[in-house]
>>> print(open('my_file.txt').read())   # compact mmCIF, C-alpha atoms
# COMPACT_ATOMS: atom_id res chain seq x y z
CA MET A 1 148.59 101.65 91.00
CA HIS A 2 146.98 98.68 89.25
CA ILE A 3 147.67 99.76 85.66
CA LYS A 4 146.37 96.52 84.16
CA LEU A 5 143.04 96.92 85.95
CA HIS A 6 142.62 100.52 84.82
CA LEU A 7 143.56 99.72 81.23
CA PHE A 8 141.13 96.81 81.13
CA ILE A 9 138.21 98.94 82.30
CA GLN A 10 138.92 101.92 80.04
CA ILE A 11 139.60 99.84 76.93
CA PHE A 12 136.51 97.71 77.51
CA THR A 13 134.31 100.75 78.15
CA LEU A 14 135.52 103.09 75.42
CA ALA A 15 136.73 100.67 72.74
CA PHE A 16 135.41 97.12 73.04
CA PHE A 17 131.90 98.13 74.11
CA PRO A 18 131.14 100.58 71.25
CA ALA A 19 132.84 98.38 68.64
CA THR A 20 130.85 95.32 69.71
CA ILE A 21 127.61 97.28 69.69
CA TRP A 22 128.42 98.50 66.18
CA LEU A 23 128.91 94.94 64.95
CA PHE A 24 125.71 93.84 66.66
CA LEU A 25 123.77 96.69 65.05
CA GLN A 26 124.89 95.58 61.61
CA LEU A 27 122.78 92.48 62.20
CA LEU A 28 119.88 94.39 63.72
CA SER A 29 119.79 96.84 60.81
CA ILE A 30 117.99 94.26 58.67
CA THR A 31 115.18 93.97 61.23
CA PRO A 32 112.08 96.20 61.39
CA ILE A 33 113.34 97.88 64.58
CA ASN A 34 113.25 101.67 64.40
CA GLY A 35 116.57 102.78 62.91
CA TRP A 36 116.91 105.82 65.15
CA LEU A 37 116.51 103.68 68.25
CA LEU A 38 119.33 101.52 66.92
CA LYS A 39 121.45 104.63 66.50
CA GLY A 40 120.55 105.42 70.09
CA LEU A 41 121.94 102.03 71.11
CA GLN A 42 125.20 102.98 69.44
CA THR A 43 125.32 106.20 71.43
CA VAL A 44 124.92 104.17 74.61
CA GLY A 45 127.96 102.13 73.66
CA CYS A 46 130.00 105.30 73.15
CA MET A 47 129.22 106.79 76.55
CA PRO A 48 131.78 107.00 79.39
CA PRO A 49 131.23 105.31 82.76
CA PRO A 50 129.12 107.09 85.38
CA VAL A 51 130.67 108.64 88.46
CA SER A 52 128.19 107.32 91.00
CA SER A 53 126.30 104.09 90.27
CA ALA A 54 129.30 101.85 89.59
CA VAL A 55 131.04 103.10 92.73
CA ILE A 56 127.94 102.63 94.89
CA LEU A 57 127.36 99.07 93.69
CA THR A 58 131.04 98.17 94.02
CA LYS A 59 130.99 99.46 97.59
CA ALA A 60 127.77 97.58 98.34
CA VAL A 61 129.40 94.32 97.29
CA GLY A 62 132.66 95.10 99.08
CA GLY A 63 134.78 95.25 95.96
CA ASN A 64 137.73 97.44 95.06
CA GLU A 65 136.10 100.78 95.76
CA ALA A 66 139.27 102.79 95.12
CA ALA A 67 139.58 101.32 91.63
CA ALA A 68 135.90 102.00 90.96
CA ILE A 69 136.25 105.64 92.03
CA PHE A 70 139.38 106.19 89.97
CA ASN A 71 138.07 104.55 86.81
CA SER A 72 134.68 106.21 87.02
CA ALA A 73 136.24 109.65 87.40
CA PHE A 74 139.03 109.04 84.89
CA GLY A 75 136.63 107.50 82.39
CA SER A 76 134.34 110.50 82.66
CA PHE A 77 137.24 112.83 81.89
CA LEU A 78 138.31 110.69 78.94
CA GLY A 79 134.73 110.61 77.75
CA ILE A 80 134.64 114.38 77.34
CA VAL A 81 137.03 113.97 74.40
CA ILE A 82 136.65 110.34 73.33
CA THR A 83 132.85 110.04 73.38
CA PRO A 84 132.22 112.85 70.85
CA LEU A 85 134.90 111.30 68.63
CA LEU A 86 133.22 107.89 68.89
CA LEU A 87 129.83 109.42 68.15
CA LEU A 88 131.21 111.14 65.08
CA LEU A 89 133.01 107.94 64.04
CA PHE A 90 129.96 105.68 64.29
CA LEU A 91 127.21 108.22 63.61
CA GLY A 92 129.08 110.95 61.79
CA SER A 93 126.51 111.31 59.05
CA SER A 94 123.82 111.95 61.66
CA SER A 95 125.57 114.92 63.27
CA SER A 96 125.78 118.34 61.70
CA VAL A 97 127.79 120.01 64.48
CA PRO A 98 131.57 120.48 63.93
CA PHE A 99 133.84 118.72 66.41
CA THR A 100 135.45 121.98 67.53
CA SER A 101 132.04 123.33 68.45
CA ILE A 102 131.14 120.10 70.25
CA PHE A 103 134.33 120.12 72.28
CA SER A 104 134.10 123.80 73.18
CA GLN A 105 130.51 123.41 74.37
CA LEU A 106 131.38 120.32 76.39
CA PHE A 107 134.34 122.15 77.88
CA MET A 108 132.12 125.02 78.98
CA THR A 109 129.30 122.84 80.32
CA VAL A 110 131.35 120.09 81.99
CA VAL A 111 134.99 121.00 82.54
CA VAL A 112 134.69 124.68 83.50
CA PRO A 113 132.08 124.10 86.24
CA LEU A 114 134.23 121.27 87.61
CA ILE A 115 137.33 123.47 87.73
CA ILE A 116 135.40 126.29 89.38
CA GLY A 117 133.98 123.85 91.91
CA GLN A 118 137.43 122.55 92.83
CA ILE A 119 138.78 126.09 93.23
CA VAL A 120 135.85 127.17 95.40
CA ARG A 121 136.13 123.99 97.48
CA ARG A 122 139.66 124.90 98.51
CA TYR A 123 138.40 128.08 100.17
CA ILE A 124 135.30 126.65 101.85
CA LYS A 125 136.62 123.19 102.72
CA ASP A 126 136.45 123.77 106.49
CA TRP A 127 132.91 125.12 106.25
CA LEU A 128 131.84 122.12 104.18
CA GLU A 129 133.30 119.70 106.73
CA ARG A 130 131.47 121.47 109.55
CA LYS A 131 128.09 121.90 107.88
CA LYS A 132 128.11 118.78 105.70
CA PRO A 133 125.62 120.01 103.08
CA PRO A 134 123.38 117.29 101.58
CA PHE A 135 125.24 117.12 98.28
CA GLY A 136 124.16 113.51 97.79
CA ALA A 137 120.49 114.47 97.88
CA VAL A 138 121.13 117.47 95.64
CA SER A 139 122.99 115.31 93.14
CA SER A 140 120.19 112.73 93.08
CA SER A 141 117.60 115.46 92.64
CA VAL A 142 119.49 117.00 89.73
CA LEU A 143 119.89 113.59 88.08
CA LEU A 144 116.18 112.91 88.53
CA MET A 145 115.39 116.30 87.00
CA ILE A 146 117.62 115.53 84.00
CA ILE A 147 115.83 112.23 83.46
CA TYR A 148 112.41 113.85 83.90
CA THR A 149 113.03 116.75 81.53
CA THR A 150 114.57 114.47 78.92
CA PHE A 151 111.58 112.13 79.11
CA CYS A 152 109.28 115.13 78.75
CA ASP A 153 111.22 116.43 75.75
CA THR A 154 111.20 112.98 74.19
CA PHE A 155 107.60 111.96 74.55
CA SER A 156 106.02 115.40 74.20
CA ASN A 157 107.43 115.68 70.71
CA PRO A 158 104.41 115.39 68.38
CA ASN A 159 106.63 114.16 65.55
CA ILE A 160 108.10 111.23 67.46
CA ASP A 161 107.56 107.99 65.58
CA LEU A 162 108.00 105.37 68.28
CA ASP A 163 106.21 102.08 67.74
CA LYS A 164 105.59 99.73 70.65
CA PHE A 165 107.32 96.79 69.00
CA SER A 166 110.61 98.66 68.60
CA LEU A 167 110.45 100.02 72.14
CA ILE A 168 109.82 96.60 73.71
CA VAL A 169 112.58 94.99 71.66
CA ILE A 170 115.03 97.76 72.57
CA VAL A 171 114.28 97.27 76.27
CA PHE A 172 114.93 93.54 75.90
CA ILE A 173 118.14 94.17 73.95
CA ILE A 174 119.41 96.63 76.57
CA PHE A 175 118.92 94.18 79.42
CA SER A 176 120.53 91.44 77.31
CA ILE A 177 123.53 93.63 76.49
CA GLN A 178 123.96 94.58 80.12
CA LEU A 179 123.85 90.98 81.34
CA SER A 180 126.05 89.70 78.51
CA PHE A 181 128.77 92.26 79.12
CA MET A 182 128.67 91.70 82.87
CA LEU A 183 129.14 87.99 82.25
CA LEU A 184 131.89 88.67 79.73
CA THR A 185 133.85 90.91 82.10
CA PHE A 186 133.39 88.33 84.84
CA ILE A 187 134.82 85.57 82.64
CA PHE A 188 137.76 87.70 81.48
CA SER A 189 138.67 88.92 84.96
CA THR A 190 138.42 85.56 86.74
CA ARG A 191 140.78 83.63 84.51
CA SER A 192 143.63 82.02 86.39
CA ASN A 193 146.23 84.21 84.69
CA SER A 194 144.27 87.47 84.81
CA GLY A 195 146.04 88.81 87.88
CA PHE A 196 142.82 90.28 89.27
CA THR A 197 141.53 89.70 92.79
CA PRO A 198 137.84 89.01 93.47
CA ALA A 199 137.50 92.61 94.67
CA ASP A 200 139.01 93.80 91.37
CA THR A 201 136.53 91.68 89.45
CA VAL A 202 133.63 93.40 91.19
CA ALA A 203 134.92 96.83 90.19
CA ILE A 204 135.51 95.61 86.63
CA ILE A 205 131.99 94.20 86.29
CA PHE A 206 130.30 97.45 87.26
CA CYS A 207 132.72 100.05 85.89
CA SER A 208 133.10 98.37 82.49
CA THR A 209 129.40 97.96 81.80
CA HIS A 210 127.80 101.08 83.27
CA LYS A 211 127.19 104.17 81.17
CA SER A 212 126.77 107.78 82.23
CA LEU A 213 123.42 109.49 81.81
CA THR A 214 124.50 112.78 83.38
CA LEU A 215 127.26 113.23 80.80
CA GLY A 216 125.45 111.37 78.06
CA ILE A 217 122.36 113.53 77.74
CA PRO A 218 124.28 116.85 77.51
CA MET A 219 126.61 115.26 74.96
CA LEU A 220 123.72 114.06 72.82
CA LYS A 221 122.06 117.47 72.99
CA ILE A 222 125.30 119.10 71.85
CA VAL A 223 126.31 116.57 69.18
CA PHE A 224 122.79 116.27 67.76
CA ALA A 225 121.70 119.85 68.42
CA GLY A 226 118.62 120.66 66.37
CA HIS A 227 118.36 117.10 65.05
CA GLU A 228 114.75 116.10 64.44
CA HIS A 229 115.34 112.59 65.78
CA LEU A 230 117.23 113.56 68.94
CA SER A 231 114.31 112.34 71.05
CA LEU A 232 114.47 108.84 69.60
CA ILE A 233 118.25 108.71 69.82
CA SER A 234 118.03 109.54 73.54
CA VAL A 235 115.55 106.77 74.40
CA PRO A 236 118.03 103.84 74.71
CA LEU A 237 120.26 105.82 77.09
CA LEU A 238 117.23 106.73 79.19
CA ILE A 239 116.39 103.03 79.41
CA TYR A 240 119.95 101.84 79.95
CA HIS A 241 120.52 104.01 83.02
CA PRO A 242 117.75 102.57 85.23
CA ALA A 243 118.42 99.12 83.77
CA GLN A 244 122.03 99.13 84.97
CA ILE A 245 121.01 100.24 88.45
CA LEU A 246 118.19 97.69 88.63
CA LEU A 247 120.32 94.78 87.42
CA GLY A 248 123.23 95.82 89.59
CA SER A 249 121.07 96.03 92.69
CA VAL A 250 119.49 92.65 92.01
CA LEU A 251 122.88 91.01 91.47
CA VAL A 252 124.62 92.57 94.49
CA PRO A 253 123.82 89.66 96.89
CA THR A 254 124.89 87.05 94.33
CA ILE A 255 128.14 88.80 93.46
CA LYS A 256 128.86 89.48 97.12
CA SER A 257 128.41 85.83 98.10
CA TRP A 258 130.68 84.80 95.21
CA MET A 259 133.36 87.28 96.25
CA VAL A 260 133.27 86.22 99.90
CA SER A 261 133.48 82.53 99.03
CA ARG A 262 136.29 83.19 96.56
CA GLN A 263 138.25 85.20 99.11
CA LYS A 264 137.82 82.44 101.69
CA GLY A 265 139.07 79.93 99.15
CA VAL A 266 142.16 82.03 98.47
CA LYS A 267 142.91 82.26 102.20
CA LEU A 268 142.54 78.50 102.66
CA MET A 269 144.93 77.85 99.79
CA ARG A 270 147.66 79.96 101.37
CA PRO A 271 150.28 77.87 103.17
CA ALA A 272 150.37 78.21 106.93
CA VAL A 273 153.35 80.13 108.30
>>> encode(input="my_file.txt", output="structure tokens")
Amino acid sequence: MHIKLHLFIQIFTLAFFPATIWLFLQLLSITPINGWLLKGLQTVGCMPPPVSSAVILTKAVGGNEAAAIFNSAFGSFLGIVITPLLLLLFLGSSSSVPFTSIFSQLFMTVVVPLIIGQIVRRYIKDWLERKKPPFGAVSSSVLLMIIYTTFCDTFSNPNIDLDKFSLIVIVFIIFSIQLSFMLLTFIFSTRSNSGFTPADTVAIIFCSTHKSLTLGIPMLKIVFAGHEHLSLISVPLLIYHPAQILLGSVLVPTIKSWMVSRQKGVKLMRPAV
């Protein structure tokens, strides 16, 4: 097990990312950007990695898929506990829900269904392998429904105070953050003494910078239950999710060509036996 790789991804995702965003927002707080959108940016930084998108993009490039799967799943589990704590740490004054209530609701909505699913799977494993239900399509449909309903809740709110300037700037900031952190993880993981292979670097780039919408939206609805500005707080996460998929998809050919050339270079440098 590549402990160093796993530690790098989890620390970057759940510690470095939110802390850096917090520092960045201290500068942005003096600008005319909507303050609740800025708080929404902080919530993005606190989110765990997604289970699907980082793995799919890592696989598309040909990177360390096993590491991507492990860190996406492990990060999601960590996020159930750590993300609410981070949200309360950075936005504590904005939440009126006690932590015990937050954790119990998350446990019932995320952990319990997962446990039940694993138990049921043990008894119908053979049937699943024979029938091969379209779980991928179902998962995508559910995710699309989550995005759709959240958008509807957000923009159907008559009290939402969302100016175009703030929205455009937030979109630009989100793409900039995504690109900057991808570049940063690339630089860190390709140093000569990093100990990471090119395939590891690919997994690091995607797993460290992607954020979960499927866990994020339920968490926000629980942590900020009844909050009048929940709609605005949710907007950056709704933007970040498609942004990470779009940027990742666009960069797949470039990252893949880099990885292939780097791997060829490593092979050429090996002494002949």
>>> residues_around(input="my_file.txt", residues="range 13-21 of chain A", least_positions_apart="6", cutoff="9 Å", atoms="all atoms listed in the file", output="ChimeraX atom specification")
/A:41-49,75,78-79,82-83,86,90,177,181,207-211
>>> closest_residue(input="my_file.txt", among="A:Val235, A:Leu128, A:Val51, A:Ile56", to="Cys152 in chain A", atoms="all atoms listed in the file")
A:Val235
>>> atom_distance(input="my_file.txt", atom1="CA of Ser194 in chain A", atom2="CA of Phe206 in chain A")
17.3 Å
>>> closest_residue(input="my_file.txt", among="A:Ser72, A:Ser231, A:Thr214, A:Gln263", to="Thr109 in chain A", atoms="only C-alpha atoms")
A:Thr214
>>> atom_distance(input="my_file.txt", atom1="CA of Ala54 in chain A", atom2="CA of Ile3 in chain A")
18.9 Å
>>> atom_distance(input="my_file.txt", atom1="CA of Ile204 in chain A", atom2="CA of Leu144 in chain A")
26.0 Å
>>> closest_residue(input="my_file.txt", among="A:Ile245, A:Ile80, A:Ile33, A:Met182", to="Ser53 in chain A", atoms="all atoms listed in the file")
A:Ile245
>>> closest_residue(input="my_file.txt", among="A:Gln105, A:Thr201, A:Ser257, A:Ser192", to="Val223 in chain A", atoms="all atoms listed in the file")
A:Gln105
>>> closest_residue(input="my_file.txt", among="A:His229, A:Lys221, A:Lys131, A:Lys125", to="Leu162 in chain A", atoms="all atoms listed in the file")
A:His229
>>> closest_residue(input="my_file.txt", among="A:Pro113, A:Pro218, A:Gly248, A:Pro84", to="Gln178 in chain A", atoms="all atoms listed in the file")
A:Gly248
>>> closest_atom_pairs(input="my_file.txt", of="range 192-260 of chain A", to="range 167-176 of chain A", cutoff="8 Å", atoms="only C-alpha atoms", output="JSON lines")
{"residue": "A:Pro236", "atom": "CA", "partner": "A:Ile170", "partner_atom": "CA", "distance": 7.1}
{"residue": "A:Ile239", "atom": "CA", "partner": "A:Val171", "partner_atom": "CA", "distance": 6.9}
{"residue": "A:Tyr240", "atom": "CA", "partner": "A:Ile174", "partner_atom": "CA", "distance": 6.2}
{"residue": "A:Ala243", "atom": "CA", "partner": "A:Phe175", "partner_atom": "CA", "distance": 6.6}
>>> residues_around(input="my_file.txt", residues="Pro253 in chain A", least_positions_apart="6", cutoff="10 Å", atoms="only C-alpha atoms", output="list in words")
Ala60, Val61 and Met259 of chain A
>>> residues_near_point(input="my_file.txt", point="(135.2, 91.9, 93.8)", cutoff="8 Å", atoms="all atoms listed in the file", output="mmCIF file with C-alpha atoms, in the coordinates of the input")
data_model
loop_
_atom_site.group_PDB
_atom_site.id
_atom_site.type_symbol
_atom_site.label_atom_id
_atom_site.label_comp_id
_atom_site.auth_asym_id
_atom_site.auth_seq_id
_atom_site.Cartn_x
_atom_site.Cartn_y
_atom_site.Cartn_z
ATOM 1 C CA THR A 58 131.040 98.170 94.020
ATOM 2 C CA VAL A 61 129.400 94.320 97.290
ATOM 3 C CA GLY A 62 132.660 95.100 99.080
ATOM 4 C CA GLY A 63 134.780 95.250 95.960
ATOM 5 C CA ASN A 64 137.730 97.440 95.060
ATOM 6 C CA THR A 197 141.530 89.700 92.790
ATOM 7 C CA PRO A 198 137.840 89.010 93.470
ATOM 8 C CA ALA A 199 137.500 92.610 94.670
ATOM 9 C CA ASP A 200 139.010 93.800 91.370
ATOM 10 C CA THR A 201 136.530 91.680 89.450
ATOM 11 C CA VAL A 202 133.630 93.400 91.190
ATOM 12 C CA ALA A 203 134.920 96.830 90.190
ATOM 13 C CA ILE A 255 128.140 88.800 93.460
ATOM 14 C CA LYS A 256 128.860 89.480 97.120
ATOM 15 C CA MET A 259 133.360 87.280 96.250
#
>>> axis_aligned_box(input="my_file.txt", around="range 245-259 of chain A", padding_each_side="8 Å", output="AutoDock Vina command-line options")
--center_x 125.8 --center_y 92.5 --center_z 92.8 --size_x 31.2 --size_y 31.4 --size_z 26.7
